[in-house]
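Shown next, in structure tokens, is the structure this report addresses.
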Amino acid sequence: MKALFKLRSLSLIAFAMFISSIAMAQDAAKSVPSPLDSASGKVASANIKIRYSSPSVKGRKIFGEKEPWGKVYRAGANDATTFTTDKDIMVEGQPLPAGTYAFFVIPMQSGPWTVIFNKTAKQWGAFNYDQSKDQLRVTVQPKKIGLQERMVYRITADGFSMDWENTSVPVTVK
């Protein structure tokens with residue numbers, strides 16, 4: 001009888017620990033400062049997927065301060081943002097072969113921004129960015145928008161955009 005009681009007690013304790021670990025994991029997932037996100041869709045006949053970590057503004061000045069003008073930016077948080085297309089496409093009138101690329105931007109205080117598709121898709125941020133591995137660089141004209149607290153990528157019939165803070169970076173794809 002005592003053995004059965006001990007077995008039940010141990011089982012209840014193990015179950016309680018299991019439930020509390022699930023609750024703690026859920027709380028941790030909610031508190032991630034830059035959660036993983038993705039956008040996917042079809043542009044022309046290509047399936048496009050963008051995977052990124054989505055940072056928040058949190059009252060900061062982003063472009064020009066947190067992310068300096070004229071410097072390569074990973075276009076997200078943590079790992080470099082990745083851009084995947086299952087077919088060859090034209091980006092701003094330039095060819096981009098099917099594949100997965102790291103996606104970077106170079107923000108500029110005025111004028112067009114540079115958009116970069118780099119062949120080294122898996123990399124942490126832009127710390128080891130190597131320009132010689134760029135597959136494609138194009139320039140795009142950013143647009144002013146209302147406050148976008150959390151970075152988001154949007155895919156449309158005409159291409160995609162990276163929207164964050166008060167800036168949208170639209171990229172035409174055909």
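Chain lettering (A, B, ...) mirrors the order of the structure tokens, residue numbering begins at 1 for each chain separately, and ligand numbering begins at 1 in order of display.
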Using only C-alpha atoms, which residues of segment 50-93 of chain A come within 9 Å of segment 117-137 of chain A, and what is the closest atom pair for each, with the distance in Å to one decimal? Give it as a tab-separated table, sorted by chain and residue number.
```
residue	atom	partner	partner_atom	distance
A:Val72	CA	A:Ala126	CA	6.8
A:Tyr73	CA	A:Ala126	CA	6.4
A:Arg74	CA	A:Gly125	CA	5.3
A:Ala75	CA	A:Gly125	CA	8.6
A:Gly76	CA	A:Gly125	CA	8.2
A:Ala77	CA	A:Gly125	CA	7.0
A:Asn78	CA	A:Gly125	CA	5.6
A:Asp79	CA	A:Trp124	CA	4.3
A:Ala80	CA	A:Gly125	CA	4.5
A:Thr81	CA	A:Gly125	CA	8.0
A:Thr82	CA	A:Ala121	CA	6.1
A:Phe83	CA	A:Phe117	CA	7.8
A:Val91	CA	A:Leu136	CA	8.7
```
Generate a file of the selected residues that holds N, CA and C atoms, formatted as a tab-separated table (two decimals), in the first residue's frame.
```tsv
chain	number	residue	atom	x	y	z
A	72	VAL	N	25.21	48.26	-44.16
A	72	VAL	CA	24.42	47.06	-44.46
A	72	VAL	C	23.63	46.66	-43.23
A	73	TYR	N	22.32	46.45	-43.41
A	73	TYR	CA	21.42	46.05	-42.33
A	73	TYR	C	20.77	44.72	-42.69
A	74	ARG	N	20.66	43.81	-41.75
A	74	ARG	CA	20.15	42.45	-41.97
A	74	ARG	C	18.65	42.39	-42.27
A	75	ALA	N	17.98	43.51	-42.23
A	75	ALA	CA	16.56	43.59	-42.59
A	75	ALA	C	15.68	42.72	-41.71
A	76	GLY	N	16.00	42.68	-40.43
A	76	GLY	CA	15.28	41.93	-39.42
A	76	GLY	C	16.14	41.91	-38.17
A	77	ALA	N	15.94	40.91	-37.33
A	77	ALA	CA	16.75	40.75	-36.11
A	77	ALA	C	17.36	39.35	-36.13
A	78	ASN	N	18.37	39.16	-35.29
A	78	ASN	CA	19.00	37.86	-35.11
A	78	ASN	C	19.63	37.36	-36.41
A	79	ASP	N	19.25	36.15	-36.89
A	79	ASP	CA	19.79	35.65	-38.15
A	79	ASP	C	19.42	36.62	-39.27
A	80	ALA	N	20.21	36.60	-40.34
A	80	ALA	CA	19.86	37.40	-41.50
A	80	ALA	C	18.51	36.93	-42.05
A	81	THR	N	17.73	37.87	-42.54
A	81	THR	CA	16.47	37.55	-43.20
A	81	THR	C	16.77	36.71	-44.44
A	82	THR	N	15.92	35.71	-44.72
A	82	THR	CA	16.12	34.92	-45.94
A	82	THR	C	14.97	35.14	-46.90
A	83	PHE	N	15.31	35.13	-48.17
A	83	PHE	CA	14.37	35.30	-49.27
A	83	PHE	C	14.51	34.08	-50.16
A	91	VAL	N	13.92	41.11	-60.42
A	91	VAL	CA	13.78	42.02	-59.29
A	91	VAL	C	14.23	43.39	-59.76
```
Apply DSSP to the backbone of this structure and, from chain A, keep only the residues in strand (DSSP E or B); write these as a PyMOL selection string. chain A and resi 36-43+46-53+56+63+67+73+77-85+89-91+94-96+99-106+113-118+124+134-140+143-156+159-173
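Picture a line from atom CA of Thr156 of chain A to atom CA of Pro107 of chain A; it runs 22.1 Å.
Closest approach to Ala44 of chain A among A:Lys87, A:Tyr153, A:Thr139, A:Gly93 is made by A:Lys87 (distances from only C-alpha atoms).
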Just asking: which residues within chain A are helix (DSSP H, G or I) according to DSSP, as a count of residues only? 32
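Between atom CA of Ile155 of chain A and atom CA of Val138 of chain A the separation is 17.9 Å.
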Within 8 Å of Asp158 of chain A, counting only C-alpha atoms, which residues qualify if same-chain residues fewer than 2 places away don't, as a compact mmCIF listing (two decimals) with N, CA, C and O atoms, in the first residue's frame?
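Everything below was put into out-v4.txt:
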```
# COMPACT_ATOMS: atom_id res chain seq x y z
N VAL A 43 4.17 35.57 -56.74
CA VAL A 43 4.37 36.75 -57.57
C VAL A 43 4.69 36.23 -58.96
O VAL A 43 5.63 35.44 -59.13
N ILE A 155 3.85 40.56 -49.12
CA ILE A 155 4.00 40.12 -50.50
C ILE A 155 2.72 40.45 -51.23
O ILE A 155 1.62 40.16 -50.75
N THR A 156 2.87 41.10 -52.39
CA THR A 156 1.73 41.50 -53.22
C THR A 156 1.93 40.95 -54.62
O THR A 156 2.98 40.36 -54.93
N PHE A 160 7.18 42.77 -53.13
CA PHE A 160 7.09 42.70 -51.67
C PHE A 160 7.61 44.00 -51.07
O PHE A 160 8.24 44.81 -51.75
N THR A 172 9.97 45.64 -56.51
CA THR A 172 9.18 45.12 -57.62
C THR A 172 9.74 43.78 -58.09
O THR A 172 10.95 43.66 -58.31
N VAL A 173 8.85 42.81 -58.26
CA VAL A 173 9.23 41.48 -58.73
C VAL A 173 8.32 41.11 -59.89
O VAL A 173 7.11 41.32 -59.84
N LYS A 174 8.92 40.56 -60.95
CA LYS A 174 8.15 40.05 -62.11
C LYS A 174 8.66 38.69 -62.51
O LYS A 174 9.77 38.33 -62.28
```
